[in-house]
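Student: Below is one structure. I have some questions about it.
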Amino acid sequence: EVQLEESGGGLVQPGESLTLSCVASGFTFSSYSMRWVRQAPGKELERVADISSGGSFSEYSDSVKGRFTISKDNAKKTLYLRMTDLKPEDTAVYYCAADIVGRKYRGQGTQVTVSS
(Lines give C-alpha, C1' and ligand atoms only; values in the text may rest on other atoms or scores of the structure.)
Protein backbone atom coordinates (compact mmCIF):
# COMPACT_ATOMS: atom_id res chain seq x y z
CA GLU A 1 0.00 0.00 0.00
CA VAL A 2 1.37 3.38 -1.03
CA GLN A 3 1.69 5.77 1.88
CA LEU A 4 2.96 9.34 1.99
CA GLU A 5 3.25 11.07 5.36
CA GLU A 6 4.11 14.76 5.59
CA SER A 7 5.42 16.60 8.63
CA GLY A 8 7.16 19.82 9.57
CA GLY A 9 4.44 22.39 9.12
CA GLY A 10 3.68 25.10 11.63
CA LEU A 11 3.09 28.77 12.34
CA VAL A 12 5.91 31.12 11.34
CA GLN A 13 6.39 34.82 10.82
CA PRO A 14 7.04 36.38 7.41
CA GLY A 15 10.65 36.00 6.37
CA GLU A 16 11.23 32.86 8.43
CA SER A 17 12.02 29.36 7.16
CA LEU A 18 10.59 25.85 7.48
CA THR A 19 11.54 22.44 6.16
CA LEU A 20 8.80 19.95 5.31
CA SER A 21 9.41 16.20 5.13
CA CYS A 22 7.47 13.40 3.47
CA VAL A 23 8.22 9.77 4.32
CA ALA A 24 7.18 7.33 1.62
CA SER A 25 6.43 3.62 1.78
CA GLY A 26 4.78 0.93 -0.29
CA PHE A 27 6.60 1.61 -3.56
CA THR A 28 10.12 1.89 -4.95
CA PHE A 29 10.76 5.50 -3.97
CA SER A 30 13.98 5.79 -5.95
CA SER A 31 12.18 4.98 -9.20
CA TYR A 32 9.66 7.80 -9.15
CA SER A 33 9.66 11.54 -9.50
CA MET A 34 7.89 13.36 -6.69
CA ARG A 35 6.03 16.59 -6.24
CA TRP A 36 4.98 19.07 -3.59
CA VAL A 37 1.60 20.72 -4.05
CA ARG A 38 -0.34 23.07 -1.82
CA GLN A 39 -3.88 24.27 -1.31
CA ALA A 40 -4.69 27.62 0.25
CA PRO A 41 -8.11 28.28 1.79
CA GLY A 42 -10.70 28.75 -0.94
CA LYS A 43 -8.21 28.11 -3.73
CA GLU A 44 -7.40 25.25 -6.07
CA LEU A 45 -4.54 22.85 -5.64
CA GLU A 46 -1.28 24.44 -6.84
CA ARG A 47 1.89 22.69 -7.98
CA VAL A 48 4.87 23.93 -5.98
CA ALA A 49 7.88 21.87 -7.06
CA ASP A 50 8.84 18.65 -8.83
CA ILE A 51 11.94 16.50 -8.58
CA SER A 52 13.17 13.68 -10.78
CA SER A 53 13.50 10.13 -9.50
CA GLY A 54 17.24 10.42 -8.93
CA GLY A 55 16.97 13.92 -7.50
CA SER A 56 19.17 15.64 -10.05
CA PHE A 57 16.47 17.65 -11.81
CA SER A 58 13.89 19.94 -10.24
CA GLU A 59 11.31 22.51 -11.30
CA TYR A 60 9.48 25.19 -9.37
CA SER A 61 6.42 27.34 -9.77
CA ASP A 62 7.17 31.00 -10.37
CA SER A 63 5.65 31.89 -7.00
CA VAL A 64 8.30 29.96 -5.04
CA LYS A 65 11.31 29.95 -7.37
CA GLY A 66 14.42 31.14 -5.58
CA ARG A 67 12.86 30.67 -2.13
CA PHE A 68 11.97 26.95 -1.97
CA THR A 69 14.21 23.94 -2.56
CA ILE A 70 12.94 20.42 -3.18
CA SER A 71 15.22 17.47 -2.44
CA LYS A 72 15.00 13.71 -2.21
CA ASP A 73 16.89 11.18 -0.09
CA ASN A 74 16.30 7.84 -1.78
CA ALA A 75 18.11 5.90 0.94
CA LYS A 76 15.73 7.31 3.56
CA LYS A 77 12.71 7.25 1.22
CA THR A 78 12.09 10.86 2.18
CA LEU A 79 11.14 13.95 0.21
CA TYR A 80 11.93 17.42 1.54
CA LEU A 81 10.85 20.98 0.87
CA ARG A 82 13.07 23.69 2.29
CA MET A 83 11.11 26.94 2.40
CA THR A 84 12.83 30.25 3.06
CA ASP A 85 11.69 33.88 3.11
CA LEU A 86 8.14 32.72 3.74
CA LYS A 87 5.30 35.09 2.85
CA PRO A 88 1.69 35.22 4.05
CA GLU A 89 0.60 34.03 0.60
CA ASP A 90 2.50 30.78 1.22
CA THR A 91 -0.10 29.87 3.84
CA ALA A 92 -1.63 26.56 2.76
CA VAL A 93 -1.83 22.85 3.40
CA TYR A 94 1.20 21.26 1.77
CA TYR A 95 1.06 17.77 0.30
CA CYS A 96 3.63 15.47 -1.21
CA ALA A 97 2.36 13.63 -4.24
CA ALA A 98 3.33 11.03 -6.79
CA ASP A 99 1.95 9.35 -9.90
CA ILE A 100 2.58 5.63 -9.53
CA VAL A 101 1.59 3.21 -12.25
CA GLY A 102 -1.04 5.59 -13.58
CA ARG A 103 -2.60 6.43 -10.22
CA LYS A 104 -2.21 9.66 -8.30
CA TYR A 105 -1.29 9.54 -4.61
CA ARG A 106 -1.14 12.31 -2.04
CA GLY A 107 -0.46 12.40 1.68
CA GLN A 108 -2.72 13.84 4.35
CA GLY A 109 -0.93 17.18 4.26
CA THR A 110 0.75 19.48 6.74
CA GLN A 111 -0.44 23.01 7.52
CA VAL A 112 1.88 25.96 6.99
CA THR A 113 0.70 29.31 8.30
CA VAL A 114 2.71 32.48 7.72
CA SER A 115 1.48 35.35 9.84
CA SER A 116 2.82 38.15 11.99
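All residue names refer to the C-alpha coordinates as shown: chains lettered A, B, ... in order, residues numbered from 1 in each chain, ligands numbered from 1 in order.
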Apply DSSP to the backbone of this structure and, from chain A, keep only the residues in helix (DSSP H, G or I); write these as a list in words.
Tutor: Phe29, Ser30, Ser31, Pro88, Glu89 and Asp90 of chain A
Student: Could you give me, as a tab-separated table, every segment 14-38 of chain A residue with an atom at most 6 Å from segment 93-105 of chain A, plus its closest atom pair and distance in Å to one decimal, counting only C-alpha atoms, rows ordered by chain then number?
Tutor:
residue	atom	partner	partner_atom	distance
A:Met34	CA	A:Ala98	CA	5.1
A:Arg35	CA	A:Ala97	CA	5.1
A:Trp36	CA	A:Cys96	CA	4.5
A:Val37	CA	A:Tyr95	CA	5.3
A:Arg38	CA	A:Tyr94	CA	4.3
Student: Output the selection as a PDB file, in the first residue's frame - all heavy atoms for each residue.
Tutor:
ATOM      1  N   MET A  34       8.800  12.960  -7.769  1.00  0.00           N
ATOM      2  CA  MET A  34       7.893  13.359  -6.693  1.00  0.00           C
ATOM      3  C   MET A  34       7.550  14.826  -6.835  1.00  0.00           C
ATOM      4  O   MET A  34       8.221  15.585  -7.553  1.00  0.00           O
ATOM      5  CB  MET A  34       8.541  13.107  -5.327  1.00  0.00           C
ATOM      6  CG  MET A  34       8.866  11.656  -5.013  1.00  0.00           C
ATOM      7  SD  MET A  34       7.396  10.627  -4.774  1.00  0.00           S
ATOM      8  CE  MET A  34       6.681  11.360  -3.306  1.00  0.00           C
ATOM      9  N   ARG A  35       6.536  15.232  -6.097  1.00  0.00           N
ATOM     10  CA  ARG A  35       6.035  16.594  -6.238  1.00  0.00           C
ATOM     11  C   ARG A  35       5.532  17.093  -4.887  1.00  0.00           C
ATOM     12  O   ARG A  35       5.031  16.320  -4.068  1.00  0.00           O
ATOM     13  CB  ARG A  35       4.903  16.589  -7.265  1.00  0.00           C
ATOM     14  CG  ARG A  35       4.097  17.854  -7.376  1.00  0.00           C
ATOM     15  CD  ARG A  35       3.111  17.731  -8.526  1.00  0.00           C
ATOM     16  NE  ARG A  35       3.819  17.692  -9.803  1.00  0.00           N
ATOM     17  CZ  ARG A  35       3.206  17.590 -10.971  1.00  0.00           C
ATOM     18  NH1 ARG A  35       1.900  17.501 -11.030  1.00  0.00           N
ATOM     19  NH2 ARG A  35       3.900  17.568 -12.084  1.00  0.00           N
ATOM     20  N   TRP A  36       5.681  18.386  -4.680  1.00  0.00           N
ATOM     21  CA  TRP A  36       4.980  19.066  -3.592  1.00  0.00           C
ATOM     22  C   TRP A  36       3.888  19.923  -4.223  1.00  0.00           C
ATOM     23  O   TRP A  36       4.137  20.624  -5.213  1.00  0.00           O
ATOM     24  CB  TRP A  36       5.916  19.968  -2.785  1.00  0.00           C
ATOM     25  CG  TRP A  36       6.825  19.236  -1.858  1.00  0.00           C
ATOM     26  CD1 TRP A  36       8.135  18.899  -2.072  1.00  0.00           C
ATOM     27  CD2 TRP A  36       6.495  18.733  -0.555  1.00  0.00           C
ATOM     28  NE1 TRP A  36       8.631  18.230  -0.982  1.00  0.00           N
ATOM     29  CE2 TRP A  36       7.661  18.118  -0.036  1.00  0.00           C
ATOM     30  CE3 TRP A  36       5.346  18.762   0.228  1.00  0.00           C
ATOM     31  CZ2 TRP A  36       7.691  17.518   1.239  1.00  0.00           C
ATOM     32  CZ3 TRP A  36       5.385  18.173   1.487  1.00  0.00           C
ATOM     33  CH2 TRP A  36       6.541  17.554   1.977  1.00  0.00           C
ATOM     34  N   VAL A  37       2.703  19.863  -3.649  1.00  0.00           N
ATOM     35  CA  VAL A  37       1.595  20.715  -4.052  1.00  0.00           C
ATOM     36  C   VAL A  37       1.044  21.357  -2.797  1.00  0.00           C
ATOM     37  O   VAL A  37       1.321  20.920  -1.680  1.00  0.00           O
ATOM     38  CB  VAL A  37       0.494  19.912  -4.778  1.00  0.00           C
ATOM     39  CG1 VAL A  37       1.022  19.311  -6.079  1.00  0.00           C
ATOM     40  CG2 VAL A  37      -0.082  18.826  -3.884  1.00  0.00           C
ATOM     41  N   ARG A  38       0.254  22.417  -2.986  1.00  0.00           N
ATOM     42  CA  ARG A  38      -0.342  23.073  -1.825  1.00  0.00           C
ATOM     43  C   ARG A  38      -1.746  23.569  -2.172  1.00  0.00           C
ATOM     44  O   ARG A  38      -2.067  23.772  -3.331  1.00  0.00           O
ATOM     45  CB  ARG A  38       0.520  24.240  -1.355  1.00  0.00           C
ATOM     46  CG  ARG A  38       0.608  25.412  -2.335  1.00  0.00           C
ATOM     47  CD  ARG A  38       1.590  26.454  -1.829  1.00  0.00           C
ATOM     48  NE  ARG A  38       1.682  27.603  -2.740  1.00  0.00           N
ATOM     49  CZ  ARG A  38       2.541  28.610  -2.591  1.00  0.00           C
ATOM     50  NH1 ARG A  38       3.392  28.620  -1.568  1.00  0.00           N
ATOM     51  NH2 ARG A  38       2.533  29.613  -3.456  1.00  0.00           N
TER      52      ARG A  38
END
Student: Using only C-alpha atoms, which residue out of A:Ser7, A:Thr84, A:Thr28, A:Thr110 lies closest to Gly54 of chain A?
Tutor: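 Counting only C-alpha atoms, the residue closest to Gly54 of chain A is A:Thr28.
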Student: For atom CA of Lys72 of chain A and atom CA of Ser33 of chain A, quote the distance in Å rounded to one decimal.
Tutor: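 Atom CA of Ser33 of chain A lies at a distance of 9.3 Å from atom CA of Lys72 of chain A.
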Student: Determine, using only C-alpha atoms, which residues of segment 13-43 of chain A have any atom at most 9 Å from an atom of segment 73-76 of chain A, and tabulate each with its shortest atom pair and distance in Å to one decimal place, rows ordered by chain and then rising number, as CSV.
Tutor:
residue,atom,partner,partner_atom,distance
A:Val23,CA,A:Lys76,CA,7.9
A:Ala24,CA,A:Lys76,CA,8.8
A:Phe29,CA,A:Asn74,CA,6.4
A:Ser30,CA,A:Asn74,CA,5.2
A:Ser31,CA,A:Asn74,CA,9.0
Student: Going by DSSP on the backbone, which bits of segment 38-80 of chain A are strand (DSSP E or B)? Write them as an mmCIF file with N, CA and C atoms, in the first residue's frame, please.
Tutor:
data_model
loop_
_atom_site.group_PDB
_atom_site.id
_atom_site.type_symbol
_atom_site.label_atom_id
_atom_site.label_comp_id
_atom_site.auth_asym_id
_atom_site.auth_seq_id
_atom_site.Cartn_x
_atom_site.Cartn_y
_atom_site.Cartn_z
ATOM 1 N N ARG A 38 0.254 22.417 -2.986
ATOM 2 C CA ARG A 38 -0.342 23.073 -1.825
ATOM 3 C C ARG A 38 -1.746 23.569 -2.172
ATOM 4 N N GLN A 39 -2.530 23.745 -1.126
ATOM 5 C CA GLN A 39 -3.876 24.271 -1.305
ATOM 6 C C GLN A 39 -4.157 25.302 -0.230
ATOM 7 N N GLU A 46 -2.325 23.784 -6.052
ATOM 8 C CA GLU A 46 -1.277 24.435 -6.840
ATOM 9 C C GLU A 46 0.007 23.614 -6.786
ATOM 10 N N ARG A 47 0.588 23.367 -7.951
ATOM 11 C CA ARG A 47 1.889 22.691 -7.982
ATOM 12 C C ARG A 47 2.955 23.627 -7.444
ATOM 13 N N VAL A 48 3.808 23.118 -6.573
ATOM 14 C CA VAL A 48 4.868 23.929 -5.978
ATOM 15 C C VAL A 48 6.225 23.575 -6.587
ATOM 16 N N ALA A 49 6.558 22.285 -6.580
ATOM 17 C CA ALA A 49 7.876 21.866 -7.059
ATOM 18 C C ALA A 49 7.845 20.392 -7.423
ATOM 19 N N ASP A 50 8.670 20.035 -8.405
ATOM 20 C CA ASP A 50 8.845 18.651 -8.829
ATOM 21 C C ASP A 50 10.314 18.281 -8.761
ATOM 22 N N ILE A 51 10.564 16.996 -8.561
ATOM 23 C CA ILE A 51 11.936 16.504 -8.577
ATOM 24 C C ILE A 51 11.971 15.156 -9.278
ATOM 25 N N SER A 58 15.039 19.410 -10.965
ATOM 26 C CA SER A 58 13.888 19.937 -10.242
ATOM 27 C C SER A 58 13.298 21.142 -10.977
ATOM 28 N N GLU A 59 12.024 21.374 -10.717
ATOM 29 C CA GLU A 59 11.314 22.513 -11.301
ATOM 30 C C GLU A 59 10.452 23.149 -10.223
ATOM 31 N N TYR A 60 10.235 24.459 -10.378
ATOM 32 C CA TYR A 60 9.481 25.190 -9.373
ATOM 33 C C TYR A 60 8.435 26.086 -10.027
ATOM 34 N N PHE A 68 12.202 28.334 -2.399
ATOM 35 C CA PHE A 68 11.973 26.953 -1.969
ATOM 36 C C PHE A 68 12.958 26.028 -2.676
ATOM 37 N N THR A 69 13.338 24.950 -1.981
ATOM 38 C CA THR A 69 14.214 23.937 -2.559
ATOM 39 C C THR A 69 13.649 22.559 -2.266
ATOM 40 N N ILE A 70 13.416 21.792 -3.325
ATOM 41 C CA ILE A 70 12.940 20.417 -3.179
ATOM 42 C C ILE A 70 14.141 19.487 -3.245
ATOM 43 N N SER A 71 14.134 18.459 -2.417
ATOM 44 C CA SER A 71 15.220 17.475 -2.442
ATOM 45 C C SER A 71 14.666 16.104 -2.078
ATOM 46 N N LYS A 72 15.484 15.095 -2.329
ATOM 47 C CA LYS A 72 15.002 13.707 -2.213
ATOM 48 C C LYS A 72 16.149 12.838 -1.696
ATOM 49 N N ASP A 73 15.915 12.124 -0.627
ATOM 50 C CA ASP A 73 16.894 11.178 -0.095
ATOM 51 C C ASP A 73 16.357 9.783 -0.350
ATOM 52 N N THR A 78 12.644 9.612 1.656
ATOM 53 C CA THR A 78 12.086 10.856 2.182
ATOM 54 C C THR A 78 12.251 11.998 1.190
ATOM 55 N N LEU A 79 11.176 12.754 1.038
ATOM 56 C CA LEU A 79 11.135 13.949 0.208
ATOM 57 C C LEU A 79 11.136 15.165 1.126
ATOM 58 N N TYR A 80 11.840 16.217 0.715
ATOM 59 C CA TYR A 80 11.927 17.424 1.537
ATOM 60 C C TYR A 80 11.501 18.654 0.736
#
Student: Using only C-alpha atoms, pick whichever of A:Glu89, A:Glu44, A:Asp62, A:Glu6 has the shortest atom-to-atom distance to Thr19 of chain A.
Tutor: A:Glu6
Student: Using only C-alpha atoms, which residue out of A:Lys87, A:Gln108, A:Lys43, A:Leu81 lies closest to Ser21 of chain A?
Tutor: A:Leu81
Student: Please, what distance in Å, to one decimal, runs between atom CA of Val112 of chain A and atom CA of Gly15 of chain A?
Tutor: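 Interatomic distance here is 13.3 Å.
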Student: To one decimal in Å, tell me the separation between atom CA of Val12 of chain A and atom CA of Arg67 of chain A.
Tutor: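 Separating atom CA of Val12 of chain A from atom CA of Arg67 of chain A is a distance of 15.2 Å.
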Student: Could you tell me which of A:Leu45, A:Gly9, A:Ser17, A:Phe57 comes closest to Arg106 of chain A if we count only C-alpha atoms?
Tutor: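 For Arg106 of chain A, the nearest of the given residues is A:Leu45.
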Student: Counting only C-alpha atoms, which of A:Ala92, A:Gly107, A:Val114, A:Pro14 gets nearest to Pro41 of chain A?
Tutor: A:Ala92
